[in-house]
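For reference, the structure is listed below as structure tokens.
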Amino acid sequence: MSSDVNSSDVNTGVTIPTGNREDEIQVYDLHKSFGDLEVLKGIDLVVHRGEVVCVIGPSGSGKSTLLRCVNLLEQPTKGRIFILNDEITDPDADVDHIRTLMGMVFQSFNLFPHLTALENCSIALTQVLKKSPAEAKKIAMENLHKVGLGDRGDSYPLKLSGGQQQRVAIARALSMDPELMLFDEPTSALDPELVGDVLSVMRDLAADGMTMMVVTHEMAFAREVADRVIFMDGGVIVEEGPPADVIGNPKEERTRTFLARVLDPTHVHTPDDEQPDRSRQSGPTDPPVEPRPHRSRLLGF
Amino acid sequence: MSAITVEGVRPKKKTSPRKRAQRIRFVQYGVLALVVLLAVLFVDGRQVSSAFFRLDLIEKTLTQGLPLAFLNTLAMTGGAFVVGLVLGTVLALMRLSQVAPYRWLSMIYIEFFRGLPALIVLMGFSLVSLAFPGLRIPLDPYGTVWLGLGLVSSAYIAETIRAGIQAVPKGQVEAARSLGMPSGMATRRIVLPQAFRIVTPPLTNELVALTKDSSLVYVIGLTATSFDLTKYGRAMSNTYSNMTPLVIAGATYLLITLPLTFLVRRMEARGARAK
């Protein structure tokens, strides 16, 4: 953060931005409580243009809430958030307009089931950006091609696999030609064999220079693609820095404990993360392996 | 009774489940056979068929005014359903509104009309000119029926649509809003289309109920050209002192309602498969 465009407010000690286009997301002293539960306890964060920031941390650490506060899906209890030049937390802000500047990708895809993949991508173009149907269709098609689904434009979401649905969701967000993209655990609801396609689309996006803020559990992805990794726990940022430092050589004890659990899942005994060990599966004394619940079925009616 | 809980006694005294099921089934067939036997012995078939199915009256009923009565029933039901649907959607949105007085108003409306017999509402509407001299509901008697039955059904429809709206996952609104849609647009373009798809089966059931409720219009004093099926069947039955016209009228209702219920069942089966 360069000091010539940001002036420090002496009274509060908070850096008040003066509108730096290079800082796409600026978060200052962000607090969020749900009832008595304080989920975010003062987050300061700047995401620069073209930067890929991965947010990692245990569940309940507030990382998804942080992301959802950035586009005001959650109303912060306290603090200020700037997107490009606009303060989205300003009560007078045109939130709908600011949201068109950032694409959001959800864990559960949230595709519109009553619209085809193409219509999912084009509806906001015609309705919000007031583009002509022909132009909207063209843009939507381009973005479906970009995520490798140019031939599935006429398919309804429920006819697509989880990985395809998530790629349509990415295309839908990209169709708005956003300045930055927010990803909220985009691969957590996917069957393991479908994760790769989605990650490779995201990798391409990052290579194209898209500004990205990604809440994820995919450590390999974070390590490879992220410019900066943020480790959150208990509603605060515990550690941040280049992935080689935060993931490769964490300084904080909490980071180390978390990574040890995530990177070596055989030692984890949470039922959600545990994969049955193949060599033990055939053992005669072992209880039958319970089928894992199918988690991609989160959408639909 | 407590003896059967003593170990070792219970399994010996009890017949096997399969034997018991067989015995129960035997009794059921026996009762059925007995009823049929009694019917054959004591019911005078000729008397019954001449009271319910007289061929000449069937023909008279079909040719004299049944098509018109059929159309009248359809028109009354259809119009009332449209009124109910529009008003019901508005009420459902009010029920879910951020503005508290809207919520109260729609709740009061819904509870009021759900708690009232449709017959009384219809009577009220037919006498509305007593309270407002000079006020004429247009398209009489259709306008009266549409308003009366429409207001009543809108209360039920509102609750159905509210449930449908609430059944649309929250993520749908979030996705729409994150694309920059204002909340009204998100409701119109994303939530309502899905809500209506969810509530199509229950709404069709509402249409079936409304079709039958349209028979209540007999209280508002119809002229012969605006007779609905029930009124027509009853008039004919009174004229000829015979049940046959009413039977025909009833069968005509089934002609409307049975395909609809069949449709609902198919939609529900399809919905269940899509899950």
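Each chain in the structure tokens gets a letter, A, B, ..., in the order shown, and its residues are numbered from 1; ligands are numbered from 1 in order too.
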Dump as a short mmCIF file (atom, residue, chain, number, x, y, z; two decimals) with N, CA and C atoms, in the first residue's frame the residues of chain A that approach chain B to within 10 Å, counting only C-alpha atoms.
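Written output follows (result_26.cif):
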data_model
loop_
_atom_site.label_atom_id
_atom_site.label_comp_id
_atom_site.auth_asym_id
_atom_site.auth_seq_id
_atom_site.Cartn_x
_atom_site.Cartn_y
_atom_site.Cartn_z
N ARG A 68 -18.39 -12.72 2.07
CA ARG A 68 -19.78 -12.30 1.84
C ARG A 68 -20.00 -10.85 2.29
N ASN A 71 -19.12 -8.21 -0.73
CA ASN A 71 -20.15 -7.72 -1.64
C ASN A 71 -21.49 -7.52 -0.92
N LEU A 72 -21.40 -7.38 0.37
CA LEU A 72 -22.52 -6.95 1.21
C LEU A 72 -23.68 -7.96 1.22
N LEU A 73 -23.37 -9.24 0.95
CA LEU A 73 -24.41 -10.25 1.18
C LEU A 73 -24.63 -10.38 2.68
N ASP A 94 -24.59 2.98 -4.16
CA ASP A 94 -25.41 2.21 -5.09
C ASP A 94 -24.88 0.78 -5.10
N VAL A 95 -25.36 0.02 -4.12
CA VAL A 95 -24.81 -1.32 -3.90
C VAL A 95 -25.01 -2.20 -5.13
N ASP A 96 -26.20 -2.08 -5.76
CA ASP A 96 -26.46 -2.92 -6.94
C ASP A 96 -25.42 -2.66 -8.04
N HIS A 97 -25.07 -1.39 -8.20
CA HIS A 97 -24.07 -1.07 -9.22
C HIS A 97 -22.70 -1.63 -8.83
N ILE A 98 -22.32 -1.43 -7.57
CA ILE A 98 -20.99 -1.89 -7.14
C ILE A 98 -20.89 -3.42 -7.28
N ARG A 99 -22.01 -4.08 -7.04
CA ARG A 99 -21.99 -5.55 -7.16
C ARG A 99 -21.74 -6.01 -8.59
N THR A 100 -22.15 -5.18 -9.57
CA THR A 100 -21.89 -5.60 -10.95
C THR A 100 -20.40 -5.58 -11.26
N LEU A 101 -19.60 -4.95 -10.40
CA LEU A 101 -18.16 -4.87 -10.65
C LEU A 101 -17.45 -6.13 -10.16
N MET A 102 -18.13 -6.93 -9.34
CA MET A 102 -17.47 -8.12 -8.82
C MET A 102 -18.34 -9.36 -9.02
N GLY A 103 -17.72 -10.39 -9.57
CA GLY A 103 -18.44 -11.65 -9.75
C GLY A 103 -18.33 -12.47 -8.49
N MET A 104 -19.41 -13.21 -8.21
CA MET A 104 -19.39 -14.06 -7.01
C MET A 104 -19.68 -15.49 -7.43
N VAL A 105 -18.86 -16.41 -6.92
CA VAL A 105 -19.09 -17.84 -7.19
C VAL A 105 -19.31 -18.52 -5.85
N PHE A 106 -20.43 -19.27 -5.76
CA PHE A 106 -20.84 -19.83 -4.47
C PHE A 106 -20.44 -21.30 -4.37
N GLN A 107 -20.35 -21.75 -3.13
CA GLN A 107 -20.07 -23.16 -2.88
C GLN A 107 -21.14 -24.05 -3.52
N SER A 108 -22.42 -23.63 -3.38
CA SER A 108 -23.52 -24.47 -3.88
C SER A 108 -24.01 -23.99 -5.25
N PHE A 109 -23.14 -23.36 -6.01
CA PHE A 109 -23.36 -22.92 -7.40
C PHE A 109 -24.44 -21.84 -7.50
N ASN A 110 -25.64 -22.16 -6.94
CA ASN A 110 -26.77 -21.23 -7.00
C ASN A 110 -27.12 -20.83 -8.42
N LEU A 111 -27.02 -21.78 -9.35
CA LEU A 111 -27.51 -21.48 -10.69
C LEU A 111 -29.03 -21.38 -10.64
N PHE A 112 -29.60 -20.62 -11.59
CA PHE A 112 -31.05 -20.49 -11.64
C PHE A 112 -31.62 -21.71 -12.37
N PRO A 113 -32.31 -22.60 -11.64
CA PRO A 113 -32.70 -23.89 -12.25
C PRO A 113 -33.76 -23.75 -13.34
N HIS A 114 -34.47 -22.60 -13.36
CA HIS A 114 -35.52 -22.46 -14.37
C HIS A 114 -34.99 -21.85 -15.66
N LEU A 115 -33.70 -21.60 -15.71
CA LEU A 115 -33.10 -21.01 -16.91
C LEU A 115 -32.01 -21.94 -17.44
N ASN A 120 -28.79 -18.36 -17.87
CA ASN A 120 -28.18 -18.03 -16.58
C ASN A 120 -27.12 -16.95 -16.77
N CYS A 121 -26.35 -17.10 -17.87
CA CYS A 121 -25.26 -16.15 -18.11
C CYS A 121 -25.77 -14.84 -18.67
N ILE A 123 -29.04 -13.41 -18.34
CA ILE A 123 -30.20 -12.71 -17.77
C ILE A 123 -29.79 -11.37 -17.15
N ALA A 124 -28.68 -11.34 -16.43
CA ALA A 124 -28.29 -10.08 -15.80
C ALA A 124 -27.78 -9.09 -16.85
N LEU A 125 -27.28 -9.61 -17.98
CA LEU A 125 -26.82 -8.71 -19.03
C LEU A 125 -27.99 -7.92 -19.61
N GLN A 127 -31.12 -7.70 -18.17
CA GLN A 127 -31.96 -7.07 -17.17
C GLN A 127 -31.24 -5.95 -16.42
N VAL A 128 -29.97 -6.19 -16.08
CA VAL A 128 -29.24 -5.22 -15.26
C VAL A 128 -28.44 -4.25 -16.13
N LEU A 129 -27.67 -4.81 -17.06
CA LEU A 129 -26.84 -3.95 -17.89
C LEU A 129 -27.57 -3.45 -19.13
N LEU A 158 -29.85 -28.64 -13.86
CA LEU A 158 -29.97 -29.95 -13.21
C LEU A 158 -29.52 -31.09 -14.13
N LYS A 159 -29.36 -30.79 -15.44
CA LYS A 159 -28.88 -31.82 -16.36
C LYS A 159 -27.36 -31.85 -16.41
N ALA A 169 -21.55 -21.35 -13.44
CA ALA A 169 -21.65 -20.26 -12.46
C ALA A 169 -20.50 -19.28 -12.63
N ARG A 172 -21.26 -17.30 -15.68
CA ARG A 172 -22.30 -16.32 -15.38
C ARG A 172 -21.70 -15.07 -14.75
N ALA A 173 -20.79 -15.29 -13.81
CA ALA A 173 -20.14 -14.15 -13.16
C ALA A 173 -19.26 -13.39 -14.14
N SER A 175 -19.61 -13.12 -17.30
CA SER A 175 -20.37 -12.44 -18.34
C SER A 175 -20.61 -10.98 -18.01
N MET A 176 -20.61 -10.65 -16.74
CA MET A 176 -20.82 -9.26 -16.34
C MET A 176 -19.55 -8.43 -16.53
N PRO A 178 -16.64 -8.47 -14.86
CA PRO A 178 -16.33 -7.85 -13.56
C PRO A 178 -14.86 -7.45 -13.46
N ARG A 297 -25.72 -32.45 -4.39
CA ARG A 297 -27.15 -32.18 -4.55
C ARG A 297 -27.60 -31.07 -3.61
N LEU A 298 -27.20 -29.89 -3.88
CA LEU A 298 -27.59 -28.81 -2.98
C LEU A 298 -28.58 -27.89 -3.64
N LEU A 299 -28.70 -28.02 -4.96
CA LEU A 299 -29.54 -27.08 -5.69
C LEU A 299 -30.77 -27.83 -6.17
N GLY A 300 -31.81 -27.09 -6.47
CA GLY A 300 -32.92 -27.72 -7.14
C GLY A 300 -34.17 -27.74 -6.29
N PHE A 301 -35.20 -28.27 -6.87
CA PHE A 301 -36.47 -28.28 -6.16
C PHE A 301 -37.25 -29.49 -6.57
#
- From a DSSP calculation on the backbone, collect every residue of region 171-233 of chain A in strand (DSSP E or B) and output the set as a VMD selection string. chain A and resid 180 to 184 211 to 215 228 to 233
- Message: I'd like the contact shell of Val145 (chain B) - 8 Å cut-off, only C-alpha atoms, skipping same-chain residues fewer than 5 positions apart - returned as a list in words.
- Response: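 In the requested form, the answer reads Met76, Ala80, Leu122, Gly150, Ser214 and Val217 of chain B.
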Generate a file of the selected residues that holds C-alpha atoms, formatted as a PDB file, in the first residue's frame.
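Output (part25.pdb):
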ATOM      1  CA  MET B  76     -67.163 -18.602 -13.289  1.00  0.00           C
ATOM      2  CA  ALA B  80     -62.489 -16.456  -9.963  1.00  0.00           C
ATOM      3  CA  LEU B 122     -71.086 -14.847  -2.021  1.00  0.00           C
ATOM      4  CA  GLY B 150     -61.882 -14.912  -6.102  1.00  0.00           C
ATOM      5  CA  SER B 214     -68.552 -22.530  -8.069  1.00  0.00           C
ATOM      6  CA  VAL B 217     -73.458 -19.490  -6.917  1.00  0.00           C
TER       7      VAL B 217
END
- Query: Could you work out how far CA of Ile56 (chain A) lies from CA of Val214 (chain A), giving the answer in Å with one decimal?
  - Reply: 8.5 Å
- Within 10 Å of Lys41 (chain A), counting only C-alpha atoms, which residues qualify if same-chain residues fewer than 2 places away don't, as a list of chain:residue names? A:Asp29, A:Leu30, A:His31, A:Lys32, A:Ser33, A:Glu38, A:Val39, A:Ile43, A:Asp44, A:Gly62, A:Lys78, A:Gly234, A:Gly235, A:Val236, A:Ile237
- Task: Provide the CA of Leu194 (chain A) to CA of Arg152 (chain A) distance in Å, to one decimal place.
- Result: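 CA of Leu194 (chain A) sits 16.6 Å away from CA of Arg152 (chain A).
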